[in-house]
Every structure is written in structure tokens, then in C-alpha cells.
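A.B. asks: This is the structure I want to talk about, given as C-alpha cells.
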Amino acid sequence: MNTEITLQTIGVRVICLLIGYAFGLFQTAYIIGKANGIDIRDKGSGNAGTTNTLRVLGKKAGLIVMLADIFKAILAVNLVYFIFREQYPNLIYLLKLYAGLGAILGHNYPFYLKFKGGKGIAAMGGMILAFHWTYIPIDLLLFFGTVAVTHYVSVASLLLSVSFLVQTVLMGELGIFRPYAESAQAVLGLAIPNSIRYEMYVLAVIITAMAFFRHHTNIRKLIKGEERKTYVFKKNKPE
């Protein structure tokens with residue numbers, strides 16, 4: 001179980017980040033927009049993501065974008081898991097995080113679109129779904145419950161990112177993350193090294209901080225009371 005920081009393990013981290021970035025480059029909102037004769041980044045909020053697509057092109061297009069952006073992160077994280085789980089069992093949750101971070105970076109900053117993408121929340125959601133099953137009930141309830149009550153997708157997105165950070169730290173400290181093993185008996189009594197857990201916490205902080213950075217305009221609007229609400233079951237007013 002190689003957990004030392006060597007050129008090899010650094011290389012594996014970079015590979016996982018690049019795998020995630022490659023999947024994140026699939027810009028669903030941009031593709032759907034082009035299929036409808038527009039560049040989604042020139043409409044509405046200018047964001048190539050689910051919410052702006054919903055407002056500009058409607059519910060069906062918004063749903064397609066959300067599901068595709070979630071799915072690409074799930075694919076990236078699961079691919080890394082299946083490639084590296086046996087060679088790096090102690091690193092597997094860390095490598096999942098690198099793949100998830102890469103998917104978010106690819107979504108937010110696609111090089112072929114002059115680094116102008118989305119805000120990465122659907123991609124983060126996909127990463128969470130593929131990262132550990134215990135996150136799913138709380139985060140689904142938190143995100144969709146907040147949207148249903150407040151109609152502010154930005155608030156739900158920020159709460160989701162904070163929840164992910166808090167859960168990661170709590171689960172790490174409680175010893176819930178375990179090395180990969182083919183049987184439950186093989187992993188009993190094992191725990192991932194402290195250095196790996198702390199590196200996971202750092203990545204979780206980066207992911208959460210990036211969500212806040214990408215929502216800095218929304219945060220200002222929320223403070224001023226100018227943030228737009230988004231409705232799922234009734235028509236949204238165009239900007």
C-alpha cells in the first residue's frame with residue numbers, strides 16, 4: 001500500500017486530476033445552446049450551466065444539462081476508482097477527490113472556450129454521488145429542499161458546497177473512510193493515513209472555496225436583495 005509522496009504517487013494524482021478535467025470539458029449547456037442557435041454564454045447570466053439554460057431555453061434543456069453535467073463527474077470519479085483501487089487502496093478516496101476537482105475545473109474553465117464555462121455545482125453534485133453513499137441523502141435533501149423553499153439556486157449551491165466540506169472532515173475524523181479491499185473482513189481495523197485525510201480536507205476546502213468564488217456575483221446580489229429566483233414548476237421571467 002504505497003502512500004508515501006513520491007514522483008509516482010504525485011504522477012497518479014496529476015493523472016486523476018487530468019482525467020476529471022477531460023470529462024469536465026464536455027460542455028453540455030454550450031452544446032445545447034448551439035443546437036438551438038445560440039451561445040448560452042451570451043444569454044441571461046452568461047453562465048454555461050443548468051440554471052441559465054433553464055431560464056433561457058426551458059425546463060427540458062435545463063434538465064438535460066443538469067443530468068449530463070452530473071453524469072460526467074460520476075464517470076470521471078468511477079473511472080479513477082476502477083483504475084487505481086487495487087494499486088493504491090489507501091489513496092482511493094483522495095484520488096476520487098482529485099478526479100472530482102478535475103471535473104469541476106474542466107466544467108468551469110474549459111480551455112477551448114477561453115476558460116469561460118459554468119459554476120461547477122452539477123459537476124460537484126456528480127462527484128458527491130460517486131464519492132461516498134453516505135453523502136447522498138443529506139445533500140439531496142439540503143439542495144432540493146433549499147431550492148423548493150427559497151427558490152434561490154445560488155443559496156442551495158453554496159450550502160451544498162459547505163455541507164460537502166463539513167461531511168468530509170467529520171467522516172474523516174470518525175474513521176469512516178477506509179482503504180479499498182475486496183472483502184469487508186480485509187478492511188476491518190484499517191484506516192487511511194492521517195496525511196492522506198488532511199490532504200483530502202485541503203481538496204474539499206479548495207472545492208468549496210471555488211464554489212464561493214464562482215458565485216461571488218450571486219453573493220453580492222443576495223446581500224443587496226437583487227438575486228433572481230428560479231422556479232421549477234412555473235415559467236421563469238427572462239433577464
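In the C-alpha cells, chains take the letters A, B, ... in the order shown, each chain's residues start at 1, and ligands count up from 1 in the order shown.
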Mind checking which residues fall within 10 Å of region 103-112 of chain A, counting only C-alpha atoms, ignoring those fewer than 3 positions away in the same chain, and posting them as a PyMOL selection string?
C.D. replies: chain A and resi 16-28+47-49+69-70+72-77+97-100+115-127+207+210-211+214
A.B. asks: Among region 2-164 of chain A, which ones does DSSP place in alpha helix (DSSP H), written as a VMD selection string?
C.D. replies: chain A and resid 7 to 24 28 to 35 50 to 57 59 to 84 92 to 108 121 to 131 136 to 150 153 to 164
A.B. asks: Write a file of the just-selected residues containing C-alpha atoms, as an mmCIF file, in the first residue's frame.
C.D. replies:
```cif
data_model
loop_
_atom_site.group_PDB
_atom_site.id
_atom_site.type_symbol
_atom_site.label_atom_id
_atom_site.label_comp_id
_atom_site.auth_asym_id
_atom_site.auth_seq_id
_atom_site.Cartn_x
_atom_site.Cartn_y
_atom_site.Cartn_z
ATOM 1 C CA LEU A 7 7.145 11.045 -8.001
ATOM 2 C CA GLN A 8 4.953 8.055 -8.783
ATOM 3 C CA THR A 9 2.127 8.984 -6.411
ATOM 4 C CA ILE A 10 2.351 12.649 -7.420
ATOM 5 C CA GLY A 11 2.017 11.498 -11.015
ATOM 6 C CA VAL A 12 -1.057 9.442 -10.129
ATOM 7 C CA ARG A 13 -2.645 12.497 -8.509
ATOM 8 C CA VAL A 14 -1.986 14.537 -11.651
ATOM 9 C CA ILE A 15 -3.391 11.782 -13.863
ATOM 10 C CA CYS A 16 -6.605 11.669 -11.821
ATOM 11 C CA LEU A 17 -6.922 15.440 -11.990
ATOM 12 C CA LEU A 18 -6.463 15.338 -15.771
ATOM 13 C CA ILE A 19 -8.966 12.502 -16.171
ATOM 14 C CA GLY A 20 -11.516 14.600 -14.321
ATOM 15 C CA TYR A 21 -10.654 17.699 -16.335
ATOM 16 C CA ALA A 22 -11.111 15.790 -19.604
ATOM 17 C CA PHE A 23 -14.608 14.693 -18.592
ATOM 18 C CA GLY A 24 -15.435 18.184 -17.344
ATOM 19 C CA THR A 28 -23.464 20.389 -22.137
ATOM 20 C CA ALA A 29 -25.005 23.849 -21.844
ATOM 21 C CA TYR A 30 -22.825 25.189 -24.642
ATOM 22 C CA ILE A 31 -23.705 22.224 -26.887
ATOM 23 C CA ILE A 32 -27.445 22.515 -26.171
ATOM 24 C CA GLY A 33 -27.247 26.245 -26.796
ATOM 25 C CA LYS A 34 -25.512 25.774 -30.130
ATOM 26 C CA ALA A 35 -28.168 23.197 -31.104
ATOM 27 C CA THR A 50 -28.108 24.317 -15.588
ATOM 28 C CA THR A 51 -29.812 27.389 -14.128
ATOM 29 C CA ASN A 52 -29.064 29.708 -17.021
ATOM 30 C CA THR A 53 -30.089 27.026 -19.519
ATOM 31 C CA LEU A 54 -33.357 26.522 -17.635
ATOM 32 C CA ARG A 55 -34.100 30.236 -17.734
ATOM 33 C CA VAL A 56 -33.104 30.761 -21.364
ATOM 34 C CA LEU A 57 -34.139 27.510 -23.073
ATOM 35 C CA LYS A 59 -37.125 23.033 -18.384
ATOM 36 C CA LYS A 60 -36.286 20.230 -20.802
ATOM 37 C CA ALA A 61 -32.971 21.780 -21.831
ATOM 38 C CA GLY A 62 -32.167 22.610 -18.206
ATOM 39 C CA LEU A 63 -32.836 19.025 -17.118
ATOM 40 C CA ILE A 64 -30.629 17.616 -19.889
ATOM 41 C CA VAL A 65 -27.771 19.922 -18.909
ATOM 42 C CA MET A 66 -28.069 19.101 -15.209
ATOM 43 C CA LEU A 67 -28.122 15.336 -15.751
ATOM 44 C CA ALA A 68 -25.254 15.358 -18.263
ATOM 45 C CA ASP A 69 -23.082 17.556 -16.042
ATOM 46 C CA ILE A 70 -23.771 15.313 -13.050
ATOM 47 C CA PHE A 71 -23.091 12.171 -15.067
ATOM 48 C CA LYS A 72 -19.733 13.337 -16.447
ATOM 49 C CA ALA A 73 -18.383 13.804 -12.920
ATOM 50 C CA ILE A 74 -19.754 10.414 -11.863
ATOM 51 C CA LEU A 75 -17.970 8.816 -14.815
ATOM 52 C CA ALA A 76 -14.674 10.549 -14.006
ATOM 53 C CA VAL A 77 -14.701 9.560 -10.327
ATOM 54 C CA ASN A 78 -15.750 5.967 -11.009
ATOM 55 C CA LEU A 79 -13.149 5.558 -13.761
ATOM 56 C CA VAL A 80 -10.400 6.607 -11.362
ATOM 57 C CA TYR A 81 -11.793 4.244 -8.736
ATOM 58 C CA PHE A 82 -11.740 1.227 -11.044
ATOM 59 C CA ILE A 83 -8.284 2.034 -12.442
ATOM 60 C CA PHE A 84 -6.444 2.682 -9.174
ATOM 61 C CA ILE A 92 -8.518 5.753 -3.377
ATOM 62 C CA TYR A 93 -10.734 8.396 -1.712
ATOM 63 C CA LEU A 94 -8.070 11.024 -2.242
ATOM 64 C CA LEU A 95 -7.794 10.081 -5.916
ATOM 65 C CA LYS A 96 -11.572 10.263 -6.233
ATOM 66 C CA LEU A 97 -11.386 13.823 -4.943
ATOM 67 C CA TYR A 98 -8.694 14.727 -7.446
ATOM 68 C CA ALA A 99 -10.898 13.376 -10.251
ATOM 69 C CA GLY A 100 -13.880 15.323 -8.903
ATOM 70 C CA LEU A 101 -11.846 18.511 -8.618
ATOM 71 C CA GLY A 102 -10.624 17.997 -12.172
ATOM 72 C CA ALA A 103 -14.191 17.562 -13.458
ATOM 73 C CA ILE A 104 -15.240 20.801 -11.772
ATOM 74 C CA LEU A 105 -12.216 22.639 -13.170
ATOM 75 C CA GLY A 106 -12.929 21.319 -16.664
ATOM 76 C CA HIS A 107 -16.541 22.433 -16.393
ATOM 77 C CA ASN A 108 -15.679 25.854 -15.017
ATOM 78 C CA ILE A 121 -22.348 22.782 -8.960
ATOM 79 C CA ALA A 122 -23.865 19.976 -11.048
ATOM 80 C CA ALA A 123 -20.366 18.547 -11.533
ATOM 81 C CA MET A 124 -19.795 18.796 -7.782
ATOM 82 C CA GLY A 125 -23.111 17.019 -7.261
ATOM 83 C CA GLY A 126 -21.956 14.198 -9.510
ATOM 84 C CA MET A 127 -18.683 13.965 -7.624
ATOM 85 C CA ILE A 128 -20.587 13.718 -4.325
ATOM 86 C CA LEU A 129 -22.868 10.976 -5.680
ATOM 87 C CA ALA A 130 -19.843 8.913 -6.746
ATOM 88 C CA PHE A 131 -17.631 9.715 -3.764
ATOM 89 C CA ILE A 136 -26.351 11.358 -0.784
ATOM 90 C CA PRO A 137 -29.472 11.602 1.474
ATOM 91 C CA ILE A 138 -28.364 14.718 3.332
ATOM 92 C CA ASP A 139 -27.089 16.577 0.282
ATOM 93 C CA LEU A 140 -30.099 15.756 -1.915
ATOM 94 C CA LEU A 141 -32.459 16.951 0.806
ATOM 95 C CA LEU A 142 -30.356 20.029 1.503
ATOM 96 C CA PHE A 143 -30.039 21.153 -2.135
ATOM 97 C CA PHE A 144 -33.530 20.459 -3.437
ATOM 98 C CA GLY A 145 -35.155 21.425 -0.150
ATOM 99 C CA THR A 146 -33.419 24.802 -0.206
ATOM 100 C CA VAL A 147 -34.443 25.396 -3.831
ATOM 101 C CA ALA A 148 -38.045 24.424 -3.040
ATOM 102 C CA VAL A 149 -38.255 26.733 -0.028
ATOM 103 C CA THR A 150 -36.212 29.761 -1.155
ATOM 104 C CA VAL A 153 -30.325 28.068 -6.630
ATOM 105 C CA SER A 154 -27.256 30.029 -5.557
ATOM 106 C CA VAL A 155 -28.090 29.595 -1.864
ATOM 107 C CA ALA A 156 -28.683 25.866 -2.363
ATOM 108 C CA SER A 157 -25.398 25.571 -4.257
ATOM 109 C CA LEU A 158 -23.380 27.301 -1.557
ATOM 110 C CA LEU A 159 -24.996 25.237 1.197
ATOM 111 C CA LEU A 160 -24.215 22.069 -0.764
ATOM 112 C CA SER A 161 -20.544 23.012 -1.032
ATOM 113 C CA VAL A 162 -20.319 23.774 2.696
ATOM 114 C CA SER A 163 -22.123 20.531 3.526
ATOM 115 C CA PHE A 164 -19.631 18.589 1.420
#
```
A.B. asks: What does the distance between CA of Gln87 (chain A) and CA of His132 (chain A) come to in Å, to one decimal place?
C.D. replies: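 Those two atoms sit 19.6 Å apart.
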A.B. asks: Given only C-alpha atoms as the basis, pick out the residue of A:Thr168, A:Thr134, A:Asn90, A:Thr208 nearest to Tyr180 (chain A).
C.D. replies: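 When distances to Tyr180 (chain A) are compared using only C-alpha atoms, the smallest one comes from A:Asn90.
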A.B. asks: Between CA of Ile206 (chain A) and CA of Gln167 (chain A), measure the distance and give it in Å to one decimal.
C.D. replies: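 CA of Gln167 (chain A) lies 14.6 Å from CA of Ile206 (chain A).
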A.B. asks: Might you pull out every residue within 10 Å of Pro193 (chain A), with only C-alpha atoms counted and same-chain residues fewer than 2 positions away left off, and present them as a PyMOL selection string?
C.D. replies: chain A and resi 3-4+90-91+178-179+190-191+195-198
A.B. asks: Write the selection just made, keeping N, CA and C atoms, as an mmCIF file, in the first residue's frame?
C.D. replies:
```cif
data_model
loop_
_atom_site.group_PDB
_atom_site.id
_atom_site.type_symbol
_atom_site.label_atom_id
_atom_site.label_comp_id
_atom_site.auth_asym_id
_atom_site.auth_seq_id
_atom_site.Cartn_x
_atom_site.Cartn_y
_atom_site.Cartn_z
ATOM 1 N N THR A 3 1.638 4.849 0.122
ATOM 2 C CA THR A 3 1.030 6.134 0.470
ATOM 3 C C THR A 3 2.068 7.242 0.584
ATOM 4 N N GLU A 4 3.331 6.911 0.445
ATOM 5 C CA GLU A 4 4.366 7.947 0.523
ATOM 6 C C GLU A 4 4.260 8.874 -0.684
ATOM 7 N N ASN A 90 -5.022 2.716 -0.247
ATOM 8 C CA ASN A 90 -5.061 3.752 0.788
ATOM 9 C C ASN A 90 -5.338 5.139 0.222
ATOM 10 N N LEU A 91 -5.099 5.308 -1.062
ATOM 11 C CA LEU A 91 -5.255 6.621 -1.687
ATOM 12 C C LEU A 91 -6.579 6.792 -2.423
ATOM 13 N N ARG A 178 -12.207 4.217 4.482
ATOM 14 C CA ARG A 178 -11.367 3.038 4.645
ATOM 15 C C ARG A 178 -10.645 2.730 3.337
ATOM 16 N N PRO A 179 -9.495 2.082 3.428
ATOM 17 C CA PRO A 179 -8.810 1.655 2.200
ATOM 18 C C PRO A 179 -9.680 0.688 1.416
ATOM 19 N N LEU A 190 -8.479 -1.231 9.571
ATOM 20 C CA LEU A 190 -7.611 -0.389 8.758
ATOM 21 C C LEU A 190 -8.178 1.024 8.652
ATOM 22 N N ALA A 191 -7.310 1.968 8.478
ATOM 23 C CA ALA A 191 -7.735 3.357 8.271
ATOM 24 C C ALA A 191 -6.726 4.021 7.349
ATOM 25 N N SER A 195 -2.004 11.775 6.945
ATOM 26 C CA SER A 195 -1.552 12.699 5.909
ATOM 27 C C SER A 195 -2.494 12.702 4.703
ATOM 28 N N ILE A 196 -3.053 11.525 4.379
ATOM 29 C CA ILE A 196 -3.984 11.430 3.262
ATOM 30 C C ILE A 196 -5.302 12.107 3.621
ATOM 31 N N ARG A 197 -5.758 11.886 4.845
ATOM 32 C CA ARG A 197 -7.006 12.541 5.290
ATOM 33 C C ARG A 197 -6.863 14.049 5.224
ATOM 34 N N TYR A 198 -5.734 14.571 5.699
ATOM 35 C CA TYR A 198 -5.549 16.021 5.715
ATOM 36 C C TYR A 198 -5.470 16.581 4.295
#
```
A.B. asks: In Å, how far is it from CA of Tyr201 (chain A) to CA of Glu173 (chain A)?
C.D. replies: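 CA of Glu173 (chain A) lies at a distance of 10.4 Å from CA of Tyr201 (chain A).
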